[in-house]
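Trainee: Take a look at my_file.cif, mmCIF, C-alpha atoms:
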data_upload
#
loop_
_atom_site.label_atom_id
_atom_site.label_comp_id
_atom_site.auth_asym_id
_atom_site.auth_seq_id
_atom_site.Cartn_x
_atom_site.Cartn_y
_atom_site.Cartn_z
CA MET A 1 147.76 105.95 139.35
CA SER A 2 148.77 105.96 135.68
CA ILE A 3 149.69 109.27 134.05
CA LYS A 4 146.84 110.17 131.68
CA LEU A 5 148.61 110.98 128.44
CA TYR A 6 145.28 111.59 126.70
CA ASP A 7 144.85 114.62 128.95
CA GLN A 8 148.00 116.11 127.45
CA ASP A 9 147.40 115.14 123.82
CA SER A 10 144.16 113.56 122.59
CA PHE A 11 145.82 112.77 119.24
CA LEU A 12 148.67 110.72 120.74
CA SER A 13 148.28 107.28 119.15
CA GLU A 14 151.60 105.57 120.01
CA PHE A 15 153.69 105.77 123.17
CA GLN A 16 156.15 103.92 125.39
CA ALA A 17 155.23 102.79 128.90
CA SER A 18 156.34 100.52 131.72
CA VAL A 19 154.17 97.66 132.96
CA VAL A 20 153.21 98.20 136.60
CA SER A 21 151.24 94.95 136.93
CA CYS A 22 149.78 92.11 134.87
CA THR A 23 147.01 89.97 136.37
CA LYS A 24 145.46 86.95 134.68
CA THR A 25 141.65 86.79 134.97
CA GLU A 26 138.82 84.80 133.43
CA LYS A 27 138.37 87.54 130.82
CA GLY A 28 142.07 87.82 129.93
CA TYR A 29 145.08 89.74 131.22
CA GLU A 30 144.53 93.01 133.09
CA ILE A 31 147.56 95.23 132.51
CA VAL A 32 148.30 98.46 134.37
CA LEU A 33 150.85 100.88 132.87
CA ASP A 34 152.76 103.73 134.46
CA GLN A 35 151.30 106.03 131.78
CA THR A 36 148.65 105.56 129.12
CA ALA A 37 146.94 107.23 126.20
CA PHE A 38 144.11 104.68 126.37
CA PHE A 39 140.92 106.32 127.63
CA PRO A 40 138.99 104.02 130.03
CA GLU A 41 135.24 103.45 129.81
CA SER A 42 133.72 106.46 131.53
CA GLY A 43 130.89 108.98 131.29
CA GLY A 44 128.92 107.03 128.68
CA GLN A 45 131.92 106.39 126.41
CA TYR A 46 133.35 102.90 125.92
CA GLY A 47 137.05 102.23 126.50
CA ASP A 48 139.80 102.52 123.91
CA ARG A 49 141.29 99.54 122.10
CA GLY A 50 144.61 98.85 120.48
CA THR A 51 147.78 96.91 121.36
CA ILE A 52 150.39 96.69 124.13
CA ALA A 53 153.60 95.06 122.88
CA GLU A 54 151.44 93.66 120.05
CA ASN A 55 149.01 92.08 122.55
CA GLU A 56 145.47 93.06 121.60
CA VAL A 57 143.75 95.45 124.02
CA VAL A 58 140.03 94.65 123.80
CA ASP A 59 138.85 97.04 126.52
CA THR A 60 140.07 99.75 128.91
CA TYR A 61 138.34 100.51 132.21
CA TYR A 62 138.78 101.69 135.78
CA LYS A 63 139.28 99.05 138.48
CA ASN A 64 140.12 99.88 142.08
CA GLY A 65 141.13 103.38 141.03
CA GLU A 66 143.55 102.15 138.34
CA ILE A 67 143.27 102.29 134.55
CA VAL A 68 143.24 98.66 133.44
CA HIS A 69 143.91 97.45 129.89
CA LEU A 70 142.27 94.09 129.16
CA CYS A 71 144.44 92.04 126.80
CA LEU A 72 143.85 88.65 125.21
CA SER A 73 147.50 87.72 125.74
CA ALA A 74 150.48 88.99 127.72
CA ASP A 75 153.59 88.25 125.65
CA ASN A 76 156.80 90.28 125.35
CA LEU A 77 156.10 92.52 128.37
CA THR A 78 159.54 94.06 128.84
CA ASP A 79 160.62 97.07 130.93
CA SER A 80 159.44 99.39 128.17
CA VAL A 81 156.56 98.39 125.92
CA THR A 82 155.27 100.00 122.75
CA CYS A 83 151.57 100.80 122.95
CA LYS A 84 149.34 101.70 120.02
CA LEU A 85 145.75 102.92 120.01
CA ASP A 86 143.13 101.96 117.48
CA PHE A 87 143.16 105.62 116.57
CA ASP A 88 140.52 105.34 113.85
CA ASP A 89 138.04 104.27 116.52
CA ARG A 90 139.31 106.89 118.98
CA PHE A 91 138.98 109.69 116.43
CA LYS A 92 135.37 108.70 115.66
CA LYS A 93 134.58 108.84 119.37
CA MET A 94 136.19 112.27 119.68
CA GLN A 95 134.17 113.55 116.72
CA ASN A 96 130.93 112.37 118.29
CA HIS A 97 131.72 113.42 121.84
CA THR A 98 132.68 116.96 120.85
CA ALA A 99 129.56 117.12 118.67
CA GLU A 100 127.47 116.15 121.69
CA HIS A 101 128.98 119.05 123.67
CA ILE A 102 128.02 121.50 120.93
CA VAL A 103 124.45 120.20 120.60
CA SER A 104 123.95 120.03 124.38
CA SER A 105 125.27 123.57 124.77
CA PHE A 106 122.79 125.04 122.29
CA ILE A 107 119.85 123.10 123.76
CA ASN A 108 120.82 124.37 127.21
CA LYS A 109 121.23 127.99 126.06
CA LYS A 110 118.06 128.17 123.97
CA TYR A 111 115.66 126.04 126.01
CA GLY A 112 117.29 125.60 129.41
CA PHE A 113 117.26 121.78 129.20
CA ILE A 114 120.09 119.79 130.74
CA ASN A 115 121.83 116.75 129.28
CA VAL A 116 121.02 114.06 131.86
CA GLY A 117 122.28 111.05 129.92
CA PHE A 118 124.89 110.28 127.27
CA HIS A 119 125.82 107.03 125.54
CA LEU A 120 128.32 106.61 122.74
CA SER A 121 127.98 103.29 120.90
CA LYS A 122 129.91 101.88 117.94
CA ASP A 123 128.00 103.88 115.33
CA PHE A 124 125.76 106.46 116.99
CA VAL A 125 125.28 108.66 120.05
CA THR A 126 122.21 109.08 122.24
CA CYS A 127 121.65 112.11 124.48
CA ASP A 128 118.88 112.48 127.04
CA PHE A 129 117.46 115.89 127.98
CA ASN A 130 115.02 116.79 130.76
CA GLY A 131 112.54 118.52 128.46
CA MET A 132 110.74 118.03 125.15
CA LEU A 133 111.80 119.49 121.83
CA THR A 134 109.87 119.64 118.55
CA LYS A 135 111.17 118.41 115.23
CA GLU A 136 111.54 122.03 114.12
CA GLN A 137 113.52 122.95 117.25
CA LEU A 138 115.88 120.01 116.76
CA SER A 139 116.41 121.04 113.15
CA GLU A 140 117.34 124.54 114.32
CA ILE A 141 119.78 123.10 116.91
CA GLU A 142 121.35 120.91 114.24
CA LEU A 143 121.89 123.91 111.97
CA LEU A 144 123.46 125.98 114.76
CA ALA A 145 125.75 123.09 115.72
CA ASN A 146 126.97 122.62 112.17
CA LYS A 147 127.71 126.32 111.83
CA VAL A 148 130.15 125.88 114.72
CA VAL A 149 131.70 122.95 112.86
CA PHE A 150 132.08 125.00 109.69
CA LEU A 151 133.71 127.88 111.60
CA ASN A 152 136.42 125.45 112.79
CA VAL A 153 136.80 127.03 116.22
CA PRO A 154 139.43 125.76 118.70
CA VAL A 155 138.64 123.08 121.29
CA ARG A 156 140.77 123.09 124.45
CA ALA A 157 140.83 120.68 127.41
CA TYR A 158 142.56 121.82 130.62
CA TYR A 159 142.52 121.83 134.42
CA PRO A 160 141.94 125.44 135.55
CA ASP A 161 143.15 126.58 138.94
CA GLU A 162 140.53 127.08 141.64
CA GLU A 163 140.24 130.83 141.10
CA THR A 164 139.75 130.43 137.33
CA LEU A 165 137.28 127.58 137.81
CA ASN A 166 135.19 129.63 140.21
CA SER A 167 134.96 132.39 137.64
CA LEU A 168 133.71 130.07 134.88
CA VAL A 169 130.09 129.30 134.06
CA TYR A 170 130.28 125.70 132.88
CA ARG A 171 128.01 122.73 132.36
CA SER A 172 128.32 119.55 134.38
CA LYS A 173 126.28 116.33 134.49
CA GLY A 174 126.69 115.86 138.24
CA GLU A 175 128.57 116.64 141.42
CA LEU A 176 132.33 116.86 140.85
CA GLU A 177 135.14 115.70 143.10
CA GLY A 178 138.83 116.52 142.88
CA LYS A 179 140.39 118.50 140.05
CA VAL A 180 137.91 119.56 137.41
CA ARG A 181 138.84 119.20 133.73
CA ILE A 182 137.16 121.73 131.47
CA VAL A 183 136.54 121.24 127.76
CA GLU A 184 136.22 124.66 126.15
CA ILE A 185 134.78 125.15 122.67
CA GLU A 186 135.78 128.71 121.92
CA GLY A 187 132.83 131.09 122.05
CA VAL A 188 130.36 128.23 122.40
CA ASP A 189 130.69 126.10 125.53
CA TYR A 190 132.46 125.28 128.76
CA CYS A 191 131.79 121.78 130.10
CA ALA A 192 133.35 119.56 132.76
CA CYS A 193 134.48 116.39 130.97
CA CYS A 194 137.23 113.78 131.33
CA ALA A 195 137.15 112.42 127.76
CA PRO A 196 139.44 113.16 124.78
CA HIS A 197 138.15 115.63 122.19
CA VAL A 198 139.11 116.98 118.77
CA LYS A 199 141.31 120.07 118.66
CA GLN A 200 139.21 122.05 116.16
CA THR A 201 135.48 121.77 115.52
CA GLY A 202 136.13 121.39 111.79
CA GLN A 203 137.55 117.95 112.57
CA ILE A 204 134.00 116.82 113.41
CA GLY A 205 133.02 117.11 109.75
CA ILE A 206 129.25 117.19 110.18
CA ILE A 207 126.59 116.69 112.85
CA LYS A 208 123.29 114.97 112.00
CA ILE A 209 120.39 114.35 114.37
CA VAL A 210 118.86 111.16 112.97
CA GLY A 211 116.03 110.51 115.43
CA SER A 212 114.28 111.36 118.68
CA ILE A 213 111.85 109.69 121.09
CA LYS A 214 110.07 110.69 124.28
CA TYR A 215 112.15 109.44 127.19
CA LYS A 216 110.97 109.66 130.80
CA SER A 217 109.97 113.31 131.30
CA GLY A 218 112.05 114.58 128.39
CA ILE A 219 113.54 113.54 125.08
CA ARG A 220 116.24 111.17 123.84
CA ILE A 221 117.91 112.20 120.60
CA THR A 222 120.08 110.01 118.40
CA MET A 223 122.84 111.68 116.43
CA LYS A 224 125.75 110.76 114.19
CA SER A 225 128.82 112.85 113.46
CA GLY A 226 131.96 112.69 111.36
CA ALA A 227 132.75 109.20 110.08
CA TYR A 228 129.54 107.83 111.63
CA ALA A 229 127.51 110.39 109.69
CA LEU A 230 129.39 109.63 106.47
CA ASP A 231 128.71 105.90 106.85
CA ASP A 232 125.05 106.69 107.46
CA TYR A 233 124.89 108.92 104.37
CA ARG A 234 126.53 106.26 102.22
CA LEU A 235 124.00 103.67 103.38
CA ARG A 236 121.07 106.00 102.75
CA PHE A 237 122.45 106.95 99.32
CA GLU A 238 122.79 103.27 98.37
CA GLN A 239 119.22 102.66 99.51
CA ASP A 240 117.99 105.65 97.50
CA GLU A 241 119.92 104.40 94.47
CA LEU A 242 118.32 100.96 94.81
CA LEU A 243 114.86 102.50 95.18
CA SER A 244 115.55 104.69 92.16
CA ASN A 245 116.28 101.59 90.07
CA ILE A 246 113.24 99.71 91.41
CA LEU A 247 110.88 102.65 90.78
CA SER A 248 112.59 103.75 87.54
CA ALA A 249 112.68 107.31 88.86
CA PRO A 250 115.42 109.88 89.60
CA GLN A 251 116.52 110.02 93.23
CA ASN A 252 115.05 113.52 93.62
CA ASP A 253 111.62 112.18 92.58
CA LEU A 254 111.46 109.08 94.78
CA ILE A 255 108.61 110.29 97.01
CA PRO A 256 106.07 111.01 94.23
CA ALA A 257 107.18 107.84 92.39
CA LEU A 258 106.69 105.77 95.53
CA LYS A 259 103.27 107.32 96.20
CA GLU A 260 102.23 106.50 92.64
CA LYS A 261 103.49 102.92 93.01
CA LEU A 262 101.68 102.47 96.34
CA SER A 263 98.48 103.87 94.88
CA SER A 264 98.74 101.39 92.02
CA LEU A 265 99.36 98.54 94.46
CA ASP A 266 96.40 99.59 96.60
CA GLN A 267 94.19 99.50 93.52
CA LYS A 268 95.47 96.05 92.58
CA GLU A 269 95.00 94.82 96.16
CA ALA A 270 91.41 96.02 96.05
CA GLU A 271 90.87 94.19 92.76
CA ILE A 272 92.44 90.99 94.16
CA SER A 273 90.33 91.25 97.31
CA LYS A 274 87.19 91.57 95.18
CA LEU A 275 88.17 88.50 93.14
CA LYS A 276 88.85 86.49 96.30
CA ASN A 277 85.45 87.41 97.72
CA GLU A 278 83.84 86.33 94.45
CA MET A 279 85.80 83.06 94.64
CA ILE A 280 84.61 82.49 98.22
CA ASP A 281 80.99 82.99 97.07
CA ILE A 282 81.44 80.58 94.16
CA VAL A 283 83.07 77.89 96.31
CA SER A 284 80.39 78.27 98.96
CA ASP A 285 77.57 78.05 96.41
CA LYS A 286 79.05 74.89 94.87
CA THR A 287 79.65 73.18 98.23
CA SER A 288 76.73 71.02 99.27
CA ASN A 289 75.59 70.48 102.83
CA THR A 290 77.36 67.48 104.28
CA GLU A 291 77.58 65.37 107.42
CA ASN A 292 81.34 65.21 106.85
CA ASN A 293 84.05 67.70 107.73
CA ILE A 294 85.17 70.12 105.05
CA CYS A 295 88.84 70.76 104.21
CA ILE A 296 89.48 73.06 101.29
CA ASP A 297 92.72 74.32 99.71
CA MET A 298 92.67 78.00 98.71
CA PRO A 299 96.01 78.90 97.04
CA LEU A 300 97.38 82.42 97.64
CA PHE A 301 94.81 83.13 100.35
CA LYS A 302 95.98 85.05 103.41
CA MET A 303 94.76 84.42 106.94
CA ASP A 304 91.84 86.88 106.74
CA ASP A 305 90.75 85.31 103.44
CA LEU A 306 90.81 81.84 105.01
CA ARG A 307 88.64 83.09 107.88
CA LYS A 308 86.10 84.46 105.40
CA MET A 309 86.14 81.09 103.60
CA CYS A 310 85.44 79.21 106.83
CA ASN A 311 82.71 81.66 107.82
CA SER A 312 81.06 81.02 104.47
CA LEU A 313 81.29 77.20 104.75
CA ILE A 314 80.53 76.60 108.42
CA GLU A 315 76.78 76.28 107.77
CA LYS A 316 77.48 73.48 105.27
CA THR A 317 78.71 71.00 107.88
CA ASN A 318 77.63 69.74 111.29
CA GLU A 319 81.14 69.53 112.73
CA LEU A 320 83.97 71.68 111.33
CA CYS A 321 85.49 73.22 108.24
CA VAL A 322 89.14 73.97 107.50
CA ALA A 323 90.67 76.25 104.88
CA ILE A 324 94.40 76.04 104.07
CA SER A 325 96.88 77.96 101.91
CA GLU A 326 100.44 76.96 101.05
CA THR A 327 103.40 79.16 102.08
CA GLU A 328 107.16 78.72 101.66
CA ASP A 329 107.47 76.74 104.89
CA GLY A 330 104.11 75.07 105.44
CA TYR A 331 100.39 75.81 105.34
CA LEU A 332 98.38 78.62 106.84
CA PHE A 333 95.14 77.26 108.18
CA VAL A 334 91.89 78.36 109.78
CA CYS A 335 89.53 75.91 111.43
CA GLU A 336 85.99 76.78 112.53
CA SER A 337 83.33 74.74 114.33
CA LYS A 338 80.00 75.24 116.08
CA THR A 339 80.00 71.91 117.90
CA ILE A 340 83.62 71.23 118.92
CA ASN A 341 85.72 73.14 121.47
CA LEU A 342 88.66 73.90 119.19
CA ARG A 343 90.69 75.60 121.92
CA ASP A 344 90.92 72.23 123.68
CA LEU A 345 92.11 70.60 120.45
CA SER A 346 94.68 73.23 119.39
CA LYS A 347 97.60 71.66 121.27
CA LYS A 348 96.80 68.18 119.90
CA ILE A 349 96.54 69.55 116.34
CA SER A 350 99.83 71.40 116.71
CA ILE A 351 101.63 68.23 117.77
CA GLU A 352 100.09 65.83 115.25
CA LEU A 353 100.39 68.17 112.26
CA ASP A 354 103.76 69.67 113.24
CA GLY A 355 102.73 73.26 113.70
CA LYS A 356 101.53 75.97 115.99
CA CYS A 357 98.02 77.29 116.43
CA GLY A 358 95.64 78.92 118.85
CA GLY A 359 92.43 80.86 119.12
CA SER A 360 88.98 80.60 120.61
CA GLU A 361 86.54 77.73 121.25
CA THR A 362 84.91 78.25 117.85
CA MET A 363 87.89 79.21 115.67
CA ILE A 364 91.63 78.52 115.67
CA SER A 365 94.33 79.47 113.19
CA GLY A 366 98.07 79.06 112.70
CA LYS A 367 100.67 77.35 110.53
CA LEU A 368 101.19 73.61 109.94
CA LYS A 369 104.26 71.90 108.46
CA ALA A 370 102.63 68.56 107.62
CA SER A 371 101.86 67.73 103.97
CA LYS A 372 98.65 68.92 102.34
CA GLU A 373 97.50 65.32 102.00
CA LYS A 374 98.07 64.58 105.69
CA ILE A 375 96.28 67.78 106.75
CA ALA A 376 93.27 67.01 104.54
CA GLU A 377 93.05 63.41 105.75
CA TYR A 378 93.41 64.47 109.39
CA PHE A 379 90.49 66.90 109.32
CA GLU A 380 88.23 65.15 106.78
CA LYS A 381 88.39 61.84 108.68
CA GLY A 382 88.12 63.48 112.09
CA MET A 383 91.37 61.92 113.28
CA PHE A 384 91.54 64.54 116.05
CA HIS A 385 88.85 62.52 117.84
CA ASP A 386 91.22 59.57 118.39
#
So that I can check it, write out the structure of this file as structure tokens.
Mentor:
Amino acid sequence: MSIKLYDQDSFLSEFQASVVSCTKTEKGYEIVLDQTAFFPESGGQYGDRGTIAENEVVDTYYKNGEIVHLCLSADNLTDSVTCKLDFDDRFKKMQNHTAEHIVSSFINKKYGFINVGFHLSKDFVTCDFNGMLTKEQLSEIELLANKVVFLNVPVRAYYPDEETLNSLVYRSKGELEGKVRIVEIEGVDYCACCAPHVKQTGQIGIIKIVGSIKYKSGIRITMKSGAYALDDYRLRFEQDELLSNILSAPQNDLIPALKEKLSSLDQKEAEISKLKNEMIDIVSDKTSNTENNICIDMPLFKMDDLRKMCNSLIEKTNELCVAISETEDGYLFVCESKTINLRDLSKKISIELDGKCGGSETMISGKLKASKEKIAEYFEKGMFHD
């Protein structure tokens, strides 16, 4: 079994090692070293990446009890190889994992809920708890967690002897076998954990809970810390800046400016809807009763408007009426009839007019990619009967 250098120093980013084995597989080359600072995928955290003798390590995981480094190549594997971690990625994971310990500790202490699930992805962390928390309670937990960050208390990972371990009250996600590694956040938490962590809570930077959903019988929270949180803040700031320019309002006044803009849009939508209804009435009044099919083009009409148009015209014809409206990639259409089973025709129409539609026996709707002229000819001449 490889010596776990990350147990001794979580900040070790470069080291020398001997190659124990190198096995070619369909995924690449699986390399086992006599010692490693690469943390393997475990406990909800994905494996470290980096290089071994300049061969890219794309994943690290356990296999048959060994820590395996998956490389894309296996060149220059001498007796002693230089290994380098992608430490930027490792440090982000340590920031987020230690942050999770702090948050989980406070949730456990204040509400008695246990962390029953943990997943660390490339840019956020999710934690599952076996109980529900309100938005206000999560805000309180976030504040308490960040106070620990600001106090910059020590974080220590170690294997206590049996007597010391038995005297500790510590958190654990499941039954433990073998030697137990404890991660201690001074004055805050003791937790059994095998992963690398920061050495001081100040190295986390900041902890931000960005979302929560009901999950099974409890809650799943999403959080970002350190570099992840900074990236998230930058993105949100850029979005706020863009909104500020669009709304011509200071960033601190975006909400009232947006409400005012939405209110104005609602008023304009109501005015447009009124004009469309008036247009439908005018078109209907000017359309004479006919034995022929009706196909009418209504520019800028949406699907609901087209339905209203058909409802208004259906009494003018004995067979069917169609209303269409051009979009960027075709024509929206609604077809209504009192005498034809349109559901039976929908597949035929979709094929012959290059589109997709569906609905009931009396009304179908969808989008067609054929030209306006072809659509009009198809329905007006009843070509669907062929």
Trainee: So which residues touch region 31-44 of chain A within 8 Å, counting only C-alpha atoms, skipping near sequence neighbours fewer than 4 positions away, as a PyMOL selection string?
Mentor: chain A and resi 1-6+10+12-15+17-23+48-49+59-62+66-71+85+117-120+194-196
Trainee: Translate the PyMOL selection byres ((chain A and resi 141) around 12) into a concrete residue list for this structure, as a ChimeraX atom specification.
Mentor: /A:99-100,102-111,133-140,142-148,207-209,221,223
Trainee: Which is closer to Glu377 (chain A) than all the others in A:Lys308, A:Cys83, A:Cys295, A:Leu320, using all atoms listed in the file?
Mentor: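 So, comparing all the options, the nearest one is A:Cys295.
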Trainee: Between CA of Arg181 (chain A) and CA of Phe91 (chain A), what is the distance in Å, rounded to a tenth?
Mentor: 19.7 Å
Trainee: Output the residue selection produced by the PyMOL selection byres ((chain A and resi 347) around 12) on the file above, formatted as JSON, numbers by chain.
Mentor: {"A": [341, 342, 343, 344, 345, 346, 348, 349, 350, 351, 352, 353, 354, 355, 356, 357, 358, 359, 364, 365, 366, 384]}
Trainee: If we count all atoms listed in the file, what is near region 260-270 of chain A at a cut-off of 10 Å, once residues fewer than 6 positions away on the same chain are taken out, given as a compact mmCIF listing (two decimals) with C-alpha atoms, in the coordinates of the input?
Mentor:
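Printed below is part-v2.txt as written:
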# COMPACT_ATOMS: atom_id res chain seq x y z
CA LEU A 247 110.88 102.65 90.78
CA LEU A 254 111.46 109.08 94.78
CA LYS A 276 88.85 86.49 96.30
Trainee: Could you expand the PyMOL selection byres ((chain A and resi 25-28) around 6) into the explicit residues it covers here, written as a PyMOL selection string?
Mentor: chain A and resi 24+29+71-72
Trainee: Taking 5 positions as the minimum chain separation for residues in the same chain, which residues sit within 12 Å of Thr164 (chain A) when counting all atoms listed in the file? Answer as a short mmCIF file (atom, residue, chain, number, x, y, z; two decimals) with C-alpha atoms, in the coordinates of the input.
Mentor:
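Generated output (part-v6.cif):
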data_model
loop_
_atom_site.label_atom_id
_atom_site.label_comp_id
_atom_site.auth_asym_id
_atom_site.auth_seq_id
_atom_site.Cartn_x
_atom_site.Cartn_y
_atom_site.Cartn_z
CA TYR A 158 142.56 121.82 130.62
CA TYR A 159 142.52 121.83 134.42
CA VAL A 169 130.09 129.30 134.06
CA TYR A 170 130.28 125.70 132.88
CA VAL A 180 137.91 119.56 137.41
CA ARG A 181 138.84 119.20 133.73
CA ILE A 182 137.16 121.73 131.47
#
Trainee: Would you compute the distance between CA of Val322 (chain A) and CA of Lys274 (chain A)? Give it in Å to one decimal.
Mentor: 21.6 Å
Trainee: Just how far from CA of Lys173 (chain A) is CA of Cys193 (chain A), in Å to one decimal?
Mentor: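 If I compute the distance from CA of Cys193 (chain A) to CA of Lys173 (chain A), I get 8.9 Å.
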Trainee: Using only C-alpha atoms and a cutoff of 12 Å, can you tell me which residues are near (80.9, 77.0, 102.7) in the file's coordinates, and write them out as a ChimeraX atom specification?
Mentor: /A:279-290,293-296,306-318,320-323,336
Trainee: Is it possible to get the residues within 8 Å of (131.9, 121.3, 129.5) (coordinates as in the file, counting all atoms listed in the file) written as a list in words?
Mentor: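 The residues that fall inside the cut-off are His101, Tyr170, Arg171, Ser172, Ile182, Val183, Glu184, Asp189, Tyr190, Cys191, Ala192 and Cys193 of chain A.
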Trainee: For Asn292 (chain A), which residue out of A:Lys381, A:Asp79, A:Glu186, A:Ala53 is the nearest one, using all atoms listed in the file?
Mentor: A:Lys381
Trainee: Hey, what's within 12 Å of Pro154 (chain A) if we count only C-alpha atoms and toss same-chain stuff fewer than 5 positions away? As a VMD selection string, please?
Mentor: chain A and resid 98 148 to 149 183 to 189 197 to 204
Trainee: Give me region 107-127 of chain A with N, CA and C atoms filled in, as a PDB file, in the frame of the given file.
Mentor:
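Output (selection_2.pdb):
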ATOM      1  N   ILE A 107     121.141 123.460 123.153  1.00  0.00           N
ATOM      2  CA  ILE A 107     119.850 123.100 123.760  1.00  0.00           C
ATOM      3  C   ILE A 107     119.723 123.739 125.133  1.00  0.00           C
ATOM      4  N   ASN A 108     120.831 123.763 125.879  1.00  0.00           N
ATOM      5  CA  ASN A 108     120.820 124.370 127.210  1.00  0.00           C
ATOM      6  C   ASN A 108     120.617 125.891 127.117  1.00  0.00           C
ATOM      7  N   LYS A 109     121.321 126.531 126.191  1.00  0.00           N
ATOM      8  CA  LYS A 109     121.230 127.990 126.060  1.00  0.00           C
ATOM      9  C   LYS A 109     119.861 128.441 125.583  1.00  0.00           C
ATOM     10  N   LYS A 110     119.307 127.729 124.581  1.00  0.00           N
ATOM     11  CA  LYS A 110     118.060 128.170 123.970  1.00  0.00           C
ATOM     12  C   LYS A 110     116.821 127.751 124.755  1.00  0.00           C
ATOM     13  N   TYR A 111     116.876 126.565 125.380  1.00  0.00           N
ATOM     14  CA  TYR A 111     115.660 126.040 126.010  1.00  0.00           C
ATOM     15  C   TYR A 111     115.829 125.694 127.487  1.00  0.00           C
ATOM     16  N   GLY A 112     117.048 125.820 127.987  1.00  0.00           N
ATOM     17  CA  GLY A 112     117.290 125.600 129.410  1.00  0.00           C
ATOM     18  C   GLY A 112     117.312 124.139 129.830  1.00  0.00           C
ATOM     19  N   PHE A 113     117.270 123.199 128.857  1.00  0.00           N
ATOM     20  CA  PHE A 113     117.260 121.780 129.200  1.00  0.00           C
ATOM     21  C   PHE A 113     118.683 121.278 129.447  1.00  0.00           C
ATOM     22  N   ILE A 114     118.792 120.322 130.342  1.00  0.00           N
ATOM     23  CA  ILE A 114     120.090 119.790 130.740  1.00  0.00           C
ATOM     24  C   ILE A 114     120.274 118.391 130.169  1.00  0.00           C
ATOM     25  N   ASN A 115     121.483 118.093 129.725  1.00  0.00           N
ATOM     26  CA  ASN A 115     121.830 116.750 129.280  1.00  0.00           C
ATOM     27  C   ASN A 115     121.957 115.866 130.524  1.00  0.00           C
ATOM     28  N   VAL A 116     121.027 114.923 130.672  1.00  0.00           N
ATOM     29  CA  VAL A 116     121.020 114.060 131.860  1.00  0.00           C
ATOM     30  C   VAL A 116     121.459 112.638 131.539  1.00  0.00           C
ATOM     31  N   GLY A 117     121.838 112.386 130.297  1.00  0.00           N
ATOM     32  CA  GLY A 117     122.280 111.050 129.920  1.00  0.00           C
ATOM     33  C   GLY A 117     123.005 111.074 128.586  1.00  0.00           C
ATOM     34  N   PHE A 118     124.080 110.297 128.496  1.00  0.00           N
ATOM     35  CA  PHE A 118     124.890 110.280 127.270  1.00  0.00           C
ATOM     36  C   PHE A 118     125.429 108.870 127.070  1.00  0.00           C
ATOM     37  N   HIS A 119     125.266 108.349 125.850  1.00  0.00           N
ATOM     38  CA  HIS A 119     125.820 107.030 125.540  1.00  0.00           C
ATOM     39  C   HIS A 119     126.390 107.042 124.133  1.00  0.00           C
ATOM     40  N   LEU A 120     127.658 106.667 124.029  1.00  0.00           N
ATOM     41  CA  LEU A 120     128.320 106.610 122.740  1.00  0.00           C
ATOM     42  C   LEU A 120     128.529 105.147 122.382  1.00  0.00           C
ATOM     43  N   SER A 121     127.845 104.680 121.322  1.00  0.00           N
ATOM     44  CA  SER A 121     127.980 103.290 120.900  1.00  0.00           C
ATOM     45  C   SER A 121     128.954 103.219 119.734  1.00  0.00           C
ATOM     46  N   LYS A 122     128.965 102.078 119.039  1.00  0.00           N
ATOM     47  CA  LYS A 122     129.910 101.880 117.940  1.00  0.00           C
ATOM     48  C   LYS A 122     129.579 102.698 116.697  1.00  0.00           C
ATOM     49  N   ASP A 123     128.323 103.126 116.544  1.00  0.00           N
ATOM     50  CA  ASP A 123     128.000 103.880 115.330  1.00  0.00           C
ATOM     51  C   ASP A 123     126.990 105.008 115.512  1.00  0.00           C
ATOM     52  N   PHE A 124     126.644 105.320 116.772  1.00  0.00           N
ATOM     53  CA  PHE A 124     125.760 106.460 116.990  1.00  0.00           C
ATOM     54  C   PHE A 124     125.875 106.922 118.436  1.00  0.00           C
ATOM     55  N   VAL A 125     125.264 108.077 118.708  1.00  0.00           N
ATOM     56  CA  VAL A 125     125.280 108.660 120.050  1.00  0.00           C
ATOM     57  C   VAL A 125     123.836 108.939 120.459  1.00  0.00           C
ATOM     58  N   THR A 126     123.511 108.657 121.709  1.00  0.00           N
ATOM     59  CA  THR A 126     122.210 109.080 122.240  1.00  0.00           C
ATOM     60  C   THR A 126     122.434 110.078 123.375  1.00  0.00           C
ATOM     61  N   CYS A 127     121.598 111.095 123.436  1.00  0.00           N
ATOM     62  CA  CYS A 127     121.650 112.110 124.480  1.00  0.00           C
ATOM     63  C   CYS A 127     120.253 112.295 125.054  1.00  0.00           C
TER      64      CYS A 127
END
